[in-house]
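Colleague: For reference, the file query.txt (compact mmCIF, C-alpha atoms and all ligand atoms) is included below:
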# COMPACT_ATOMS: atom_id res chain seq x y z
CA MET A 29 -22.24 20.49 3.44
CA ILE A 30 -24.75 18.37 5.33
CA MET A 31 -26.07 20.22 8.40
CA ARG A 32 -25.72 18.01 11.46
CA ASP A 33 -26.61 18.54 15.11
CA ALA A 34 -23.40 19.33 17.00
CA SER A 35 -24.03 16.34 19.31
CA ILE A 36 -23.67 13.95 16.36
CA GLU A 37 -19.98 14.81 15.92
CA THR A 38 -18.99 12.98 19.11
CA THR A 39 -20.93 9.78 18.38
CA ALA A 40 -18.92 6.74 19.47
CA ILE A 41 -19.32 4.01 16.87
CA GLY A 42 -18.54 0.30 16.72
CA VAL A 43 -18.80 -1.67 13.49
CA VAL A 44 -19.18 -5.46 13.54
CA GLY A 45 -18.10 -7.11 10.30
CA ALA A 46 -15.34 -6.21 7.87
CA GLY A 47 -16.51 -7.71 4.61
CA SER A 48 -16.89 -5.38 1.67
CA TRP A 49 -19.97 -3.61 3.02
CA GLY A 50 -18.77 -3.38 6.63
CA THR A 51 -15.47 -1.94 5.46
CA ALA A 52 -17.08 0.52 3.03
CA LEU A 53 -19.46 1.81 5.70
CA ALA A 54 -16.80 1.94 8.42
CA GLN A 55 -14.57 3.93 6.06
CA LEU A 56 -17.45 6.23 5.09
CA LEU A 57 -17.98 7.02 8.78
CA ALA A 58 -14.26 7.35 9.48
CA SER A 59 -13.89 9.75 6.56
CA GLN A 60 -16.50 11.96 8.22
CA GLY A 61 -14.31 12.22 11.30
CA PHE A 62 -15.92 9.60 13.54
CA SER A 63 -13.56 7.38 15.50
CA ILE A 64 -14.47 3.81 14.54
CA ASP A 65 -13.77 0.61 16.46
CA HIS A 66 -14.08 -2.12 13.83
CA TRP A 67 -14.41 -5.83 14.57
CA VAL A 68 -12.64 -7.93 11.97
CA TYR A 69 -13.24 -11.69 11.96
CA GLU A 70 -10.12 -12.98 10.17
CA ASP A 71 -6.73 -12.43 11.88
CA GLU A 72 -4.90 -11.87 8.60
CA VAL A 73 -7.45 -9.34 7.33
CA ARG A 74 -7.27 -7.43 10.64
CA GLU A 75 -3.47 -7.42 10.53
CA GLN A 76 -3.41 -6.15 6.96
CA MET A 77 -5.94 -3.43 7.80
CA ARG A 78 -3.72 -2.34 10.70
CA THR A 79 -0.41 -2.38 8.89
CA ASP A 80 -1.23 -1.61 5.23
CA ARG A 81 -4.40 0.44 5.96
CA GLU A 82 -6.26 -1.66 3.38
CA ASN A 83 -8.71 -4.58 3.42
CA GLY A 84 -7.21 -6.36 0.43
CA ARG A 85 -9.44 -9.42 0.79
CA PHE A 86 -12.84 -7.75 0.77
CA LEU A 87 -12.37 -4.15 -0.43
CA PRO A 88 -9.04 -3.86 -2.25
CA GLY A 89 -7.70 -0.50 -3.36
CA VAL A 90 -9.42 1.56 -0.67
CA ARG A 91 -7.19 3.40 1.80
CA LEU A 92 -8.50 3.27 5.34
CA SER A 93 -8.42 6.39 7.49
CA ASP A 94 -6.21 6.42 10.58
CA ASN A 95 -9.26 6.87 12.84
CA LEU A 96 -10.60 3.43 11.79
CA HIS A 97 -9.32 0.97 14.42
CA PRO A 98 -9.41 -2.74 13.42
CA SER A 99 -9.93 -4.99 16.43
CA GLY A 100 -10.36 -8.64 17.31
CA ASP A 101 -12.04 -7.84 20.62
CA LEU A 102 -15.75 -8.04 19.89
CA ASP A 103 -16.94 -6.96 23.34
CA ALA A 104 -14.65 -3.91 23.33
CA VAL A 105 -15.89 -2.89 19.88
CA VAL A 106 -19.55 -2.82 20.93
CA SER A 107 -19.35 -1.63 24.54
CA GLY A 108 -19.64 2.03 25.53
CA LYS A 109 -20.89 2.99 22.06
CA ASP A 110 -23.66 5.38 21.02
CA LEU A 111 -24.16 3.40 17.83
CA VAL A 112 -23.28 -0.17 16.86
CA LEU A 113 -23.48 -1.10 13.17
CA VAL A 114 -23.92 -4.82 12.45
CA VAL A 115 -22.80 -5.89 8.95
CA THR A 116 -22.15 -9.61 9.19
CA PRO A 117 -23.51 -12.11 6.65
CA SER A 118 -26.99 -12.99 7.87
CA HIS A 119 -26.21 -16.64 8.65
CA VAL A 120 -23.52 -15.66 11.21
CA THR A 121 -25.32 -12.64 12.70
CA ARG A 122 -27.00 -14.66 15.47
CA GLN A 123 -23.83 -16.40 16.64
CA THR A 124 -21.73 -13.23 16.42
CA MET A 125 -24.17 -10.94 18.21
CA GLN A 126 -25.05 -13.58 20.81
CA ARG A 127 -21.39 -13.46 21.86
CA CYS A 128 -21.28 -9.70 22.39
CA GLY A 129 -24.95 -8.81 22.99
CA PRO A 130 -24.53 -8.50 26.77
CA ALA A 131 -21.67 -6.01 26.28
CA ILE A 132 -23.93 -3.54 24.42
CA ASP A 133 -25.13 -0.66 26.61
CA ALA A 134 -28.84 -0.24 27.32
CA ASP A 135 -29.05 3.03 25.38
CA THR A 136 -26.95 2.12 22.33
CA ILE A 137 -28.61 2.49 18.94
CA VAL A 138 -28.16 -0.70 16.91
CA VAL A 139 -28.16 -0.51 13.11
CA SER A 140 -28.35 -3.55 10.86
CA ALA A 141 -27.01 -3.31 7.31
CA SER A 142 -27.19 -7.03 6.48
CA LYS A 143 -29.68 -8.50 4.01
CA GLY A 144 -31.10 -11.94 4.64
CA ILE A 145 -33.73 -14.14 6.27
CA GLU A 146 -32.57 -16.81 8.73
CA ASN A 147 -33.20 -20.37 7.52
CA GLN A 148 -34.25 -21.88 10.84
CA THR A 149 -36.44 -19.10 12.23
CA HIS A 150 -37.46 -17.12 9.11
CA LEU A 151 -36.50 -13.99 11.03
CA THR A 152 -35.03 -10.95 9.33
CA MET A 153 -31.97 -9.43 11.00
CA SER A 154 -33.94 -7.01 13.17
CA GLY A 155 -35.74 -10.02 14.63
CA VAL A 156 -32.48 -11.87 15.23
CA LEU A 157 -30.86 -8.84 16.89
CA THR A 158 -33.89 -8.33 19.13
CA GLU A 159 -33.59 -11.95 20.26
CA VAL A 160 -29.88 -11.93 21.04
CA ILE A 161 -29.16 -8.42 22.35
CA PRO A 162 -30.55 -8.21 25.88
CA GLY A 163 -33.09 -5.40 26.30
CA LEU A 164 -33.00 -4.29 22.65
CA THR A 165 -36.37 -2.97 21.49
CA ASP A 166 -37.53 -1.59 18.13
CA GLN A 167 -37.09 1.89 19.61
CA ARG A 168 -33.28 1.57 19.48
CA LEU A 169 -33.07 -0.46 16.32
CA ALA A 170 -32.69 0.70 12.72
CA VAL A 171 -32.04 -0.90 9.36
CA LEU A 172 -29.84 0.72 6.70
CA THR A 173 -30.66 -0.49 3.21
CA GLY A 174 -31.12 0.48 -0.43
CA PRO A 175 -29.23 0.24 -3.73
CA SER A 176 -25.60 0.42 -2.67
CA PHE A 177 -22.70 -1.64 -3.98
CA ALA A 178 -19.86 -1.41 -1.47
CA ARG A 179 -17.25 -0.81 -4.15
CA GLU A 180 -19.15 2.18 -5.51
CA VAL A 181 -19.74 3.68 -2.06
CA ALA A 182 -16.01 3.28 -1.38
CA ARG A 183 -15.35 5.26 -4.59
CA GLN A 184 -17.79 7.92 -3.33
CA VAL A 185 -20.17 7.35 -6.23
CA PRO A 186 -23.39 9.29 -5.41
CA THR A 187 -25.62 6.77 -3.65
CA VAL A 188 -29.05 7.04 -2.04
CA VAL A 189 -30.24 4.73 0.72
CA THR A 190 -32.89 4.59 3.41
CA VAL A 191 -32.95 4.03 7.16
CA ALA A 192 -35.95 2.20 8.58
CA SER A 193 -36.89 2.36 12.23
CA GLY A 194 -40.08 2.01 14.23
CA ASN A 195 -38.88 5.07 16.14
CA PRO A 196 -38.68 8.20 13.94
CA ASP A 197 -36.13 9.79 16.31
CA THR A 198 -33.84 6.79 15.93
CA ALA A 199 -34.20 6.90 12.14
CA ALA A 200 -33.43 10.63 12.10
CA TYR A 201 -30.37 10.14 14.30
CA VAL A 202 -28.96 7.37 12.14
CA GLN A 203 -29.72 9.44 9.04
CA GLN A 204 -27.61 12.29 10.40
CA VAL A 205 -24.73 10.01 11.32
CA PHE A 206 -24.46 8.37 7.88
CA ALA A 207 -25.36 11.20 5.51
CA THR A 208 -22.56 12.67 3.41
CA PRO A 209 -22.69 14.72 0.19
CA TYR A 210 -22.26 11.49 -1.81
CA PHE A 211 -24.36 9.24 0.47
CA ARG A 212 -27.89 10.58 0.80
CA VAL A 213 -30.04 8.95 3.46
CA TYR A 214 -33.85 8.96 3.63
CA THR A 215 -35.95 7.55 6.47
CA ILE A 216 -38.98 5.26 6.59
CA GLU A 217 -40.86 3.55 9.40
CA ASP A 218 -41.50 0.15 7.82
CA VAL A 219 -38.68 -2.05 9.14
CA ILE A 220 -40.04 -5.44 8.04
CA GLY A 221 -40.88 -4.09 4.58
CA ALA A 222 -37.39 -2.64 4.17
CA GLU A 223 -35.76 -5.89 5.28
CA LEU A 224 -37.93 -8.10 3.08
CA GLY A 225 -37.28 -5.91 0.05
CA ALA A 226 -33.55 -6.09 0.73
CA SER A 227 -33.53 -9.84 1.26
CA VAL A 228 -35.87 -11.19 -1.40
CA LYS A 229 -34.35 -9.04 -4.15
CA ASN A 230 -31.23 -11.18 -3.80
CA VAL A 231 -33.24 -14.24 -4.85
CA ILE A 232 -34.69 -12.36 -7.83
CA ALA A 233 -31.17 -11.14 -8.68
CA ILE A 234 -30.04 -14.75 -8.96
CA ALA A 235 -32.91 -15.26 -11.42
CA ALA A 236 -31.80 -12.18 -13.39
CA GLY A 237 -28.31 -13.65 -13.56
CA VAL A 238 -29.68 -16.95 -14.83
CA ILE A 239 -31.49 -15.08 -17.61
CA ASP A 240 -28.25 -13.38 -18.62
CA GLY A 241 -26.33 -16.65 -18.34
CA LEU A 242 -28.80 -18.28 -20.70
CA GLY A 243 -28.17 -15.44 -23.14
CA LEU A 244 -31.79 -14.25 -23.13
CA GLY A 245 -32.93 -10.73 -23.86
CA LEU A 246 -33.78 -7.45 -22.23
CA ASN A 247 -37.51 -8.20 -22.52
CA THR A 248 -36.99 -11.19 -20.27
CA ARG A 249 -35.04 -9.21 -17.70
CA ALA A 250 -37.62 -6.41 -17.54
CA ALA A 251 -40.37 -8.98 -17.08
CA LEU A 252 -38.37 -10.69 -14.35
CA ILE A 253 -37.81 -7.47 -12.42
CA THR A 254 -41.49 -6.53 -12.66
CA ARG A 255 -42.87 -9.93 -11.71
CA GLY A 256 -40.15 -10.30 -9.06
CA LEU A 257 -41.38 -7.11 -7.44
CA VAL A 258 -44.91 -8.53 -7.37
CA GLU A 259 -43.59 -11.53 -5.42
CA ILE A 260 -41.61 -9.39 -2.98
CA ARG A 261 -44.65 -7.23 -2.35
CA ARG A 262 -46.91 -10.25 -1.85
CA LEU A 263 -44.63 -11.74 0.77
CA GLY A 264 -44.26 -8.33 2.36
CA LEU A 265 -48.02 -7.85 2.66
CA ALA A 266 -48.40 -11.32 4.18
CA MET A 267 -45.80 -10.37 6.79
CA GLY A 268 -47.25 -6.99 7.72
CA ALA A 269 -45.21 -4.65 5.53
CA GLN A 270 -46.59 -1.46 4.00
CA PRO A 271 -47.13 -1.84 0.23
CA ARG A 272 -45.60 1.56 -0.60
CA THR A 273 -42.24 0.49 0.85
CA PHE A 274 -41.69 -1.67 -2.23
CA THR A 275 -41.90 1.33 -4.56
CA GLY A 276 -38.98 2.89 -2.68
CA LEU A 277 -35.23 2.44 -2.39
CA ALA A 278 -35.51 -0.69 -0.26
CA GLY A 279 -37.82 -2.29 -2.82
CA VAL A 280 -37.67 -1.50 -6.49
CA GLY A 281 -34.49 0.58 -6.04
CA ASP A 282 -32.35 -2.26 -4.74
CA LEU A 283 -34.08 -4.77 -7.03
CA ILE A 284 -33.12 -2.81 -10.15
CA LEU A 285 -29.53 -2.40 -8.98
CA THR A 286 -28.97 -6.04 -8.17
CA CYS A 287 -30.80 -7.40 -11.21
CA THR A 288 -28.88 -5.21 -13.65
CA GLY A 289 -25.51 -4.59 -11.99
CA ASP A 290 -22.49 -6.72 -12.86
CA LEU A 291 -21.07 -5.98 -9.41
CA SER A 292 -23.77 -8.06 -7.74
CA ARG A 293 -22.55 -11.35 -6.27
CA ASN A 294 -26.08 -12.75 -6.44
CA HIS A 295 -26.42 -11.84 -10.09
CA THR A 296 -22.99 -13.35 -10.80
CA ILE A 297 -23.88 -16.66 -9.15
CA GLY A 298 -27.11 -16.80 -11.16
CA LYS A 299 -25.29 -16.02 -14.39
CA GLN A 300 -22.83 -18.84 -13.87
CA ILE A 301 -25.62 -21.26 -13.06
CA GLY A 302 -27.34 -20.14 -16.26
CA GLN A 303 -24.10 -20.98 -18.07
CA GLY A 304 -24.26 -24.52 -16.68
CA ARG A 305 -22.04 -24.36 -13.61
CA LYS A 306 -22.99 -26.10 -10.36
CA LEU A 307 -23.82 -24.24 -7.15
CA LYS A 308 -21.48 -26.24 -4.93
CA ASP A 309 -18.48 -25.50 -7.19
CA LEU A 310 -19.35 -21.80 -7.25
CA LEU A 311 -19.69 -21.61 -3.47
CA ALA A 312 -16.37 -23.41 -3.00
CA GLU A 313 -14.66 -20.72 -5.10
CA MET A 314 -16.30 -17.74 -3.39
CA HIS A 315 -14.92 -15.99 -0.31
CA MET A 316 -17.76 -13.47 -0.29
CA VAL A 317 -21.39 -14.01 0.53
CA ALA A 318 -24.25 -14.28 -1.99
CA GLU A 319 -27.12 -13.93 0.48
CA GLY A 320 -29.76 -14.97 -2.06
CA VAL A 321 -28.56 -18.57 -1.99
CA LYS A 322 -29.56 -19.07 1.64
CA THR A 323 -32.47 -16.64 1.48
CA ALA A 324 -33.98 -18.68 -1.37
CA ARG A 325 -34.50 -21.51 1.10
CA SER A 326 -36.14 -19.24 3.68
CA VAL A 327 -38.37 -17.64 1.06
CA TYR A 328 -39.38 -21.02 -0.35
CA ASN A 329 -40.42 -22.33 3.06
CA LEU A 330 -42.03 -19.04 4.14
CA SER A 331 -44.07 -18.72 0.94
CA ARG A 332 -45.37 -22.27 1.31
CA LYS A 333 -46.14 -21.77 5.00
CA LEU A 334 -47.99 -18.50 4.37
CA GLY A 335 -49.62 -19.62 1.11
CA VAL A 336 -48.02 -16.78 -0.88
CA GLU A 337 -47.68 -17.31 -4.63
CA MET A 338 -44.00 -16.78 -5.51
CA PRO A 339 -43.26 -18.83 -8.65
CA ILE A 340 -39.94 -17.17 -9.56
CA SER A 341 -38.52 -17.50 -6.05
CA GLN A 342 -39.71 -21.10 -5.84
CA ALA A 343 -38.13 -21.90 -9.21
CA ILE A 344 -34.81 -20.45 -7.96
CA TYR A 345 -35.04 -22.67 -4.89
CA HIS A 346 -35.50 -25.77 -7.08
CA LEU A 347 -32.72 -24.63 -9.36
CA LEU A 348 -30.30 -24.18 -6.44
CA TYR A 349 -31.25 -27.13 -4.30
CA ASP A 350 -32.95 -29.71 -6.55
CA ASP A 351 -30.78 -29.30 -9.65
CA LEU A 352 -33.70 -28.06 -11.75
CA ASP A 353 -32.41 -27.23 -15.23
CA PRO A 354 -32.56 -23.42 -15.89
CA LYS A 355 -34.22 -23.81 -19.30
CA THR A 356 -36.84 -26.14 -17.84
CA ALA A 357 -37.48 -23.64 -15.02
CA LEU A 358 -37.98 -20.86 -17.53
CA HIS A 359 -40.32 -22.96 -19.66
CA GLN A 360 -42.37 -23.85 -16.58
CA LEU A 361 -42.65 -20.17 -15.59
CA MET A 362 -43.66 -19.08 -19.08
CA THR A 363 -46.34 -21.76 -19.44
CA ARG A 364 -48.08 -21.34 -16.09
CA ASP A 365 -51.86 -20.81 -16.17
CA LEU A 366 -52.74 -17.55 -17.90
CA LYS A 367 -54.11 -14.92 -15.55
CA GLN A 368 -54.89 -11.30 -14.75
CA GLU A 369 -51.76 -9.21 -14.19
CA LEU A 370 -52.27 -7.26 -10.97
CA ASP A 371 -53.23 -8.47 -7.51
CA GLU A 372 -56.40 -7.08 -5.93
CA ILE A 373 -54.42 -5.08 -3.36
N1 LIG A 401 -21.15 -5.88 -0.43
C1 LIG A 401 -22.15 -5.07 -0.71
O1 LIG A 401 -22.11 -4.33 -1.72
C2 LIG A 401 -23.34 -5.02 0.18
C3 LIG A 401 -23.58 -6.00 1.13
N2 LIG A 401 -24.68 -5.94 1.92
C4 LIG A 401 -24.94 -6.95 2.94
O2 LIG A 401 -23.97 -6.86 3.97
C5 LIG A 401 -23.82 -8.13 4.62
C6 LIG A 401 -22.33 -8.43 4.71
O3 LIG A 401 -21.86 -8.61 3.40
P1 LIG A 401 -20.42 -8.15 2.89
O4 LIG A 401 -19.86 -7.09 3.72
O5 LIG A 401 -20.58 -7.90 1.44
O6 LIG A 401 -19.57 -9.48 3.15
P2 LIG A 401 -18.43 -10.12 2.24
O7 LIG A 401 -19.05 -11.16 1.40
O8 LIG A 401 -17.66 -9.06 1.56
O9 LIG A 401 -17.50 -10.78 3.31
C7 LIG A 401 -17.89 -11.84 4.12
C8 LIG A 401 -17.81 -11.42 5.55
O10 LIG A 401 -18.20 -12.49 6.39
C9 LIG A 401 -17.32 -12.55 7.49
N3 LIG A 401 -17.39 -13.88 8.08
C10 LIG A 401 -17.19 -15.07 7.47
N4 LIG A 401 -17.37 -16.07 8.36
C11 LIG A 401 -17.69 -15.49 9.53
C12 LIG A 401 -18.02 -15.99 10.82
N5 LIG A 401 -18.06 -17.30 11.06
N6 LIG A 401 -18.32 -15.11 11.80
C13 LIG A 401 -18.32 -13.78 11.54
N7 LIG A 401 -18.02 -13.26 10.34
C14 LIG A 401 -17.71 -14.10 9.36
C15 LIG A 401 -16.01 -12.19 6.90
O11 LIG A 401 -15.11 -11.80 7.87
C16 LIG A 401 -16.43 -11.01 6.04
O12 LIG A 401 -16.54 -9.88 6.85
C17 LIG A 401 -24.60 -9.12 3.75
O13 LIG A 401 -25.84 -9.38 4.37
C18 LIG A 401 -24.81 -8.38 2.44
O14 LIG A 401 -25.99 -8.79 1.77
C19 LIG A 401 -25.57 -4.91 1.83
C20 LIG A 401 -25.38 -3.91 0.91
C21 LIG A 401 -24.25 -3.89 0.02
O1 LIG A 402 -27.19 -5.56 -1.73
C1 LIG A 402 -26.39 -5.16 -2.54
C2 LIG A 402 -26.49 -3.84 -3.17
O2 LIG A 402 -27.52 -3.06 -2.64
C3 LIG A 402 -25.25 -6.01 -2.93
O3 LIG A 402 -25.69 -7.04 -3.74
P1 LIG A 402 -24.86 -8.38 -3.87
O4 LIG A 402 -24.78 -8.99 -2.49
O5 LIG A 402 -25.61 -9.23 -4.83
O6 LIG A 402 -23.49 -8.03 -4.38
Can you dump the structure from the file as structure tokens?
Ligand SMILES: NC(=O)C1=CN([C@@H]2O[C@H](COP(=O)(O)OP(=O)(O)OC[C@H]3O[C@@H](n4cnc5c(N)ncnc54)[C@H](O)[C@@H]3O)[C@@H](O)[C@H]2O)C=CC1
Ligand SMILES: O=C(CO)COP(=O)(O)O
Modeller:
Amino acid sequence: MIMRDASIETTAIGVVGAGSWGTALAQLLASQGFSIDHWVYEDEVREQMRTDRENGRFLPGVRLSDNLHPSGDLDAVVSGKDLVLVVTPSHVTRQTMQRCGPAIDADTIVVSASKGIENQTHLTMSGVLTEVIPGLTDQRLAVLTGPSFAREVARQVPTVVTVASGNPDTAAYVQQVFATPYFRVYTIEDVIGAELGASVKNVIAIAAGVIDGLGLGLNTRAALITRGLVEIRRLGLAMGAQPRTFTGLAGVGDLILTCTGDLSRNHTIGKQIGQGRKLKDLLAEMHMVAEGVKTARSVYNLSRKLGVEMPISQAIYHLLYDDLDPKTALHQLMTRDLKQELDEI
């Protein structure tokens, strides 16, 4: 049993987004007895969730509890809530939350579980939410992240994540709401570090997929994960993150999962590119999001703007958007100037 404050039991919760992660988290909360209002974008998905009690498109095979209420009324889902969980793909978060931001109460805690960096603004999701939800400050905002495939959480596979908030009370509250015996939740204070770890690992996961698609070895993958972490940390430091965040669940934890797990959409895209397929064909076939594809563009531009050395991420950008051949990219990375391994800080 997880010991919770009695006041937590009555938390009114709205969930925005019913992809695989939104559905897995909404169901996790519903299974703990919370009544969940759940905004579902597609009419047919919402209807199926209502009638069959299943989200067959994004999380097939998972029975939804009766206290999970699918809805098409975005304002109603977010208004009058103690906690609103936002789990939309990052590129639609602004437009979605702009629509309903004014309906969110002034004391509602807002939790973001999306992983990405906006292309136009280079903002992480906490930055986007602060811009579009009137009156939202970092005191009421938290980020839920860490190594967590939706399908495994839905199967109640033991999973450990972290909640980041600039306000320790907010982090502790969100921790209590989400924690279950199979979903352990830590807290940290470094929001930007947690979000950058979560977002940039998707770009590195594409690279890990490419390595597998090319049929290379475990040495290569271990090197990629290690040097990928160096890049994530460098960008994080340039953007004000705390270095130790990247040794935690939001950093190396999620990086390992996504670079080694076959369930990763980012890894899968990379693998198919490594096998010679074209990005536009892959995207046309996919109904789910592989955040790393868009984040690669943000990271490329950010790293150049900030003068941060990120050769793997930049190679993935050229591979995705300039048709750089994977083998050529690898050769270029392996024959860069020889240097000392570790950064000064
Ligand atoms: N699936 C997973 O295992 C995990 C996903 N995440 C993150 O959660 C976020 C959401 O991803 P998933 O739930 O996996 O999504 P998904 O890829 O399973 O589904 C796509 C979602 O986008 C929605 N959508 C499409 N167009 C839309 C629009 N114009 N406006 C609003 N919604 C629209 C769909 O309704 C659906 O909910 C992403 O940032 C992802 O990186 C984080 C941890 C785990
Ligand atoms: O972020 C994830 C697990 O923590 C999910 O990764 P993918 O989006 O690559 O499937």
Colleague: Hey, which residues sit close to ligand LIG 401 (chain A)? Say within 9 Å, counting all atoms listed in the file, and write them as a VMD selection string.
Modeller: chain A and resid 44 to 52 67 to 70 73 85 to 87 114 to 121 123 to 124 140 to 144 172 to 181 226 to 227 230 291 to 293 314 to 320
Colleague: Listed atoms of ligand LIG 402 (chain A), axis-aligned box, 6 Å per side: centre and edge lengths to one decimal in Å, as AutoDock Vina command-line options?
Modeller:
--center_x -25.5 --center_y -6.1 --center_z -3.3 --size_x 16.0 --size_y 18.2 --size_z 15.1
Colleague: I'd like the contact shell of Glu72 of chain A - 12 Å cut-off, all atoms listed in the file, skipping same-chain residues fewer than 4 positions apart - returned as a list in words.
Modeller: Ala46, Val68, Gln76, Met77, Arg78, Thr79, Asp80, Glu82, Asn83, Gly84, Arg85, Phe86, Pro98, Ser99 and Gly100 of chain A
Colleague: Quick one: distance from atom CA of Ser331 of chain A to atom CA of Gln167 of chain A in Å, one decimal?
Modeller: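 Separation of atom CA of Ser331 of chain A and atom CA of Gln167 of chain A: 28.7 Å.
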Colleague: Quick check, in Å to one decimal: how far apart do atom CA of Val280 of chain A and atom CA of Met153 of chain A lie?
Modeller: 20.0 Å
Colleague: Please list as a list of chain:residue names every residue within 12 Å of Leu151 of chain A, counting only C-alpha atoms and excluding residues in the same chain fewer than 4 positions away.
Modeller: A:Ser118, A:His119, A:Thr121, A:Arg122, A:Lys143, A:Gly144, A:Ile145, A:Glu146, A:Asn147, A:Gly155, A:Val156, A:Leu157, A:Thr158, A:Glu159, A:Ile220, A:Glu223, A:Leu224, A:Ser227, A:Met267, A:Thr323, A:Ser326, A:Val327, A:Leu330
Colleague: Using only C-alpha atoms and all ligand atoms, pick whichever of A:Ser63, A:Thr215, A:Thr248, A:Thr187 has the shortest atom-to-atom distance to ligand LIG 402 (chain A).
Modeller: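 Once distances to ligand LIG 402 (chain A) are computed over only C-alpha atoms and all ligand atoms, the minimum belongs to A:Thr187.
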Colleague: Which one is closest to ligand LIG 402 (chain A): A:Gly302, A:Gly225, A:Pro339, A:Pro196? Count all atoms listed in the file.
Modeller: A:Gly225
Colleague: Can you list, as a list in words, every protein, DNA or RNA residue that comes within 12 Å of Leu244 of chain A when you count only C-alpha atoms, leaving out same-chain residues fewer than 5 positions away?
Modeller: Ala235, Ala236, Gly237, Val238, Ile239, Arg249, Ala250, Ala251, Leu252, Lys299, Gly302, Gln303, Pro354, Lys355 and Leu358 of chain A
Colleague: What is the distance, in Å and to one decimal place, between atom CA of Thr296 of chain A and atom O6 of ligand LIG 402 (chain A)?
Modeller: 8.4 Å
Colleague: Using all atoms listed in the file, determine which residues lie at most 10 Å from Leu348 of chain A, disregarding the query and same-chain residues fewer than 6 positions distant; provide the list as a PyMOL selection string.
Modeller: chain A and resi 234+298+301+306-308+321-322+324-325+342+354
Colleague: Between A:Asp71, A:Glu217, A:Asp290, A:Glu337, which is the closest to Arg261 of chain A once you count all atoms listed in the file?
Modeller: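 For Arg261 of chain A, the nearest of the candidates is A:Glu337.
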Colleague: Find the residue from A:Ser193, A:Gln368, A:Thr286, A:Thr152 that sits nearest to ligand LIG 402 (chain A); use all atoms listed in the file when measuring.
Modeller: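 Checking each of A:Ser193, A:Gln368, A:Thr286, A:Thr152 against ligand LIG 402 (chain A), counting all atoms listed in the file, the winner is A:Thr286.
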Colleague: Between A:Val188, A:Leu366, A:Leu361, A:Leu310, which has the minimum distance to ligand LIG 402 (chain A) (counting all atoms listed in the file)?
Modeller: A:Val188
Colleague: Could you tell me which of A:Thr38, A:Gln184, A:Thr149, A:Thr136 comes closest to Leu164 of chain A if we count only C-alpha atoms?
Modeller: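 Ranking A:Thr38, A:Gln184, A:Thr149, A:Thr136 by distance to Leu164 of chain A, first place goes to A:Thr136.
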